[in-house]
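Trainee: Handing you a structure now.
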Amino acid sequence: MVIVVLSALAGLLFLWMHKVALYQFEINRYPVSLKKKVSQSFSVLHLSDIHFTGPNPPLDEFFQRISQETYDLIVLSGDIIDCESGITHAVRTLSKLKATYGFYAVFGNHDYYDYHLKDAFLHNFPGQSKPKRLNPSEKLKEALEGAGLRVLMNETRELMIGQTPILIHGLDDPTTGRASIRKTLENYDASKLNILLTHSIDAFYDIGEGEIDLSFSGHSHGGQVRLPWVGPILTHTTMGRAYASGILSVKGAVCSISRGMGFGRVLPLRLLCPPEAIILTIHA
C-alpha cells in the first residue's frame, strides 16, 4: 500500500513538473547601481534560453505580457531556438518587443546544434564532442536581423544612452568553442560602460578584474530541477551551484544570470526553478 501511494505521489509530481512548473513564468525586476556613473537611469530586459520549437500558447501569452512595456535595451543570451522549426516562431515573437536603444543577442550551443536524447548524455557537457546534427545558424541570424535584432559574434557595438557611451560586447558561444574573448574585447575602452553578452558565465575565467561592468548570461537554466536545501542538481557551469542563477558580482561586474524561459526537448521538466524574464533598472 505504501509503495502504491508513493508511486502515485511520484507520478503526480512528475506531471506537475512537466505540465505546470514549465509554464509558471515570472517577471523579476531588480534595481542595480554600477561602480561607473551613468548619466541617466535605463532599463534592460534580459531574456535567455527560450528554446523556440514552434507555437507554444503559454509562452506566447507570457511574451504578450512583457511586450506591453518599452525597454531601453533588450538582450538575449543564447539558446534562442531548439530546432529549425523554431526559427519562424522566434522571429514572429521577438519582433513584438520594443527597445529604444536596440535589441542585441548572442548565440548558445542549441542555436548551432540540434540536440536529441543521445546528445544530452554524449555531447552536453564541457569537454565532450559535438552533436552531428546542425541547426541552420546562418539562417537564424539572417531571420533575426531581418526582424531588427543585432546578433553579435565576438564583436562589439557602441551606443549612447543620454551622455553615457556604452560598449556592448557580444561573445560567441563558449560552450561549443566559438568564443574569442580577446577578439570580442579588442575595442574595449575602460572610460566607457562595458556590457558583456555571453551564453555562459564561465566566460569570466578569461576576463580580468574590473574589465566588465555589467554582464548577461544564461545556459544553466538555474539548474531547471532544484531540491530543497540542495539547490540545482546540474548547473552546466564549472563555477558552481551559486552561479546557476541570480544577480551576482563576478570580478567587479554585476552579472545577471537567467534561469531561462524555455527548456530543451530532452528534459521538459522544472522543479522549484520557475522560468523567468529579468528586468534590470540601471540607476544613475
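In the C-alpha cells, each chain is lettered A, B, ... as it comes, each chain's residues begin at 1, and ligands are numbered from 1 in order of appearance.
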Any idea what's packed within 8 Å of A:Val44, counting only C-alpha atoms, ignoring anything in its chain fewer than 3 positions away? Could you give it as number ranges by chain?
Mentor: A: 71-75, 279-282
Trainee: Need to verify the contact set: stretch 182-185 of chain A, 10 Å, only C-alpha atoms, exclusion of same-chain residues closer than 4 positions in sequence. Can you return it as a PyMOL selection string?
Mentor: chain A and resi 152-156+167-172+189+194+196+206-207+211-212
Trainee: For A:Ala147, please output as a list in words all residues within 10 Å (counting only C-alpha atoms; exclusion window: fewer than 6 positions along the same chain).
Mentor: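 Once the nearby chain positions are removed, what remains is Ala90, Val91, Arg92, Leu94, Ser95, Lys96 and Lys141 of chain A.
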Trainee: Would you please give, as a PyMOL selection string, all residues of stretch 38-257 of chain A that DSSP assigns to strand (DSSP E or B) based on the backbone?
Mentor: chain A and resi 42-47+52+70-71+73-77+81+98-99+103-106+113+134+150-151+155-161+164-170+193-197+214-217+225-227+231-232+246-250+253-257
Trainee: Write the residues of the selection above to a file with C-alpha atoms, as an mmCIF file, in the first residue's frame.
Mentor:
data_model
loop_
_atom_site.group_PDB
_atom_site.id
_atom_site.type_symbol
_atom_site.label_atom_id
_atom_site.label_comp_id
_atom_site.auth_asym_id
_atom_site.auth_seq_id
_atom_site.Cartn_x
_atom_site.Cartn_y
_atom_site.Cartn_z
ATOM 1 C CA PHE A 42 17.842 52.966 -18.101
ATOM 2 C CA SER A 43 16.061 49.613 -18.242
ATOM 3 C CA VAL A 44 17.313 46.325 -19.671
ATOM 4 C CA LEU A 45 15.081 43.348 -20.456
ATOM 5 C CA HIS A 46 17.138 40.163 -20.195
ATOM 6 C CA LEU A 47 15.855 37.056 -21.991
ATOM 7 C CA PHE A 52 11.727 28.007 -29.577
ATOM 8 C CA THR A 70 9.053 49.560 -23.963
ATOM 9 C CA TYR A 71 12.586 48.924 -22.690
ATOM 10 C CA LEU A 73 17.702 47.827 -24.109
ATOM 11 C CA ILE A 74 16.786 44.204 -24.728
ATOM 12 C CA VAL A 75 19.434 41.481 -24.545
ATOM 13 C CA LEU A 76 19.109 37.784 -25.343
ATOM 14 C CA SER A 77 21.873 35.496 -24.076
ATOM 15 C CA ILE A 81 15.871 28.024 -30.796
ATOM 16 C CA LYS A 98 10.206 47.206 -28.280
ATOM 17 C CA ALA A 99 13.623 48.628 -27.327
ATOM 18 C CA PHE A 103 17.846 44.553 -29.221
ATOM 19 C CA TYR A 104 21.091 42.555 -29.028
ATOM 20 C CA ALA A 105 21.629 38.794 -28.976
ATOM 21 C CA VAL A 106 24.344 36.170 -28.855
ATOM 22 C CA TYR A 113 23.336 22.129 -32.764
ATOM 23 C CA LEU A 134 23.451 21.117 -37.049
ATOM 24 C CA ARG A 150 21.532 42.555 -33.812
ATOM 25 C CA VAL A 151 23.321 39.215 -33.416
ATOM 26 C CA GLU A 155 32.172 41.688 -31.818
ATOM 27 C CA THR A 156 31.238 44.995 -30.217
ATOM 28 C CA ARG A 157 28.628 47.655 -30.882
ATOM 29 C CA GLU A 158 28.694 51.144 -29.374
ATOM 30 C CA LEU A 159 25.682 53.238 -28.462
ATOM 31 C CA MET A 160 24.821 56.252 -26.342
ATOM 32 C CA ILE A 161 22.180 56.411 -23.641
ATOM 33 C CA THR A 164 26.826 57.674 -21.382
ATOM 34 C CA PRO A 165 28.839 55.837 -24.078
ATOM 35 C CA ILE A 166 28.182 52.105 -23.878
ATOM 36 C CA LEU A 167 30.076 49.224 -25.464
ATOM 37 C CA ILE A 168 28.072 46.021 -25.891
ATOM 38 C CA HIS A 169 30.477 43.122 -26.302
ATOM 39 C CA GLY A 170 28.811 40.027 -27.755
ATOM 40 C CA LEU A 193 30.415 51.375 -19.812
ATOM 41 C CA ASN A 194 31.326 47.831 -20.869
ATOM 42 C CA ILE A 195 28.477 45.309 -21.142
ATOM 43 C CA LEU A 196 29.130 41.650 -21.942
ATOM 44 C CA LEU A 197 26.625 39.263 -23.509
ATOM 45 C CA LEU A 214 27.594 44.549 -16.471
ATOM 46 C CA SER A 215 27.045 41.051 -17.849
ATOM 47 C CA PHE A 216 24.120 38.952 -19.086
ATOM 48 C CA SER A 217 24.213 35.163 -19.409
ATOM 49 C CA VAL A 225 15.405 20.952 -11.263
ATOM 50 C CA ARG A 226 16.280 22.236 -7.797
ATOM 51 C CA LEU A 227 15.993 20.399 -4.489
ATOM 52 C CA GLY A 231 19.732 23.739 -4.953
ATOM 53 C CA PRO A 232 20.301 22.784 -8.590
ATOM 54 C CA GLY A 246 20.698 35.350 -9.863
ATOM 55 C CA ILE A 247 22.152 38.851 -9.830
ATOM 56 C CA LEU A 248 25.735 38.320 -8.680
ATOM 57 C CA SER A 249 29.067 40.080 -8.565
ATOM 58 C CA VAL A 250 31.898 38.427 -10.519
ATOM 59 C CA ALA A 253 30.898 43.069 -12.731
ATOM 60 C CA VAL A 254 27.192 42.936 -11.950
ATOM 61 C CA CYS A 255 26.105 39.687 -13.589
ATOM 62 C CA SER A 256 22.541 38.798 -14.491
ATOM 63 C CA ILE A 257 22.375 35.003 -14.801
#
Trainee: For a quick check of understanding, using only C-alpha atoms, which of A:His110, A:Lys130, A:Lys118, A:His221 has the smallest distance to A:Ala277?
Mentor: A:His221
Trainee: So which residues touch A:Val20 within 12 Å, counting only C-alpha atoms, skipping near sequence neighbours fewer than 5 positions away, as a list of chain:residue names?
Mentor: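 Those residues are A:Leu12, A:Leu13, A:Phe14, A:Leu15, A:Phe25, A:Pro58, A:Pro268, A:Leu269, A:Arg270, A:Leu271, A:Leu272, A:Cys273, A:Pro274, A:Pro275.
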Trainee: Keeping only C-alpha atoms, write those residues as a compact mmCIF listing (two decimals), in the first residue's frame.
Mentor:
# COMPACT_ATOMS: atom_id res chain seq x y z
CA LEU A 12 1.67 13.44 -9.72
CA LEU A 13 4.93 15.29 -9.03
CA PHE A 14 6.24 14.33 -12.46
CA LEU A 15 3.06 15.56 -14.14
CA PHE A 25 6.67 32.34 -15.83
CA PRO A 58 1.72 29.61 -22.57
CA PRO A 268 10.99 19.13 -20.31
CA LEU A 269 10.81 19.40 -16.51
CA ARG A 270 11.18 22.11 -13.88
CA LEU A 271 11.11 21.92 -10.11
CA LEU A 272 11.46 24.90 -7.73
CA CYS A 273 13.01 26.81 -10.63
CA PRO A 274 10.39 28.86 -12.49
CA PRO A 275 11.23 30.29 -15.91
Trainee: To one decimal place in Å, what is the distance between atom CA of A:Met261 and atom CA of A:Glu276?
Mentor: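 Distance reported for this atom pair: 5.4 Å.
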Trainee: Work out how far apart atom CA of A:Met17 and atom CA of A:Gly223 are and give it in Å to one decimal.
Mentor: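 Separation of atom CA of A:Met17 and atom CA of A:Gly223: 13.5 Å.
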Trainee: Where in stretch 14-204 of chain A does DSSP assign helix (DSSP H, G or I), given as an MDAnalysis selection string?
Mentor: chainID A and resid 14:19 21:23 57:66 84:94 109:112 117:122 137:146 174:176 181:184 201:204
Trainee: Could you please determine the separation between atom CA of A:Gln224 and atom CA of A:Ser129 in Å, to one decimal place?
Mentor: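 Between these atoms lies a distance of 23.3 Å.
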Trainee: So, with only C-alpha atoms as the atoms that count, which of A:Asp49, A:Ser200, A:Gly208, A:Gly252 lies closest to A:Tyr188?
Mentor: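 Closest residue, counting only C-alpha atoms: A:Gly208.
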Trainee: For each of A:Ser245, A:Ser220, A:Asn109, A:Thr237, take the minimum atom-to-atom distance to A:Phe204, counting only C-alpha atoms, then give the residue where this is smallest.
Mentor: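 Of the candidates, the smallest distance to A:Phe204 is held by A:Thr237.
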Trainee: May I ask which of the residues A:Asn56, A:Ile278, A:His199, A:Ala244 is the closest one to A:Arg29, counting only C-alpha atoms?
Mentor: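 Checking each of A:Asn56, A:Ile278, A:His199, A:Ala244 against A:Arg29, counting only C-alpha atoms, the winner is A:Ile278.
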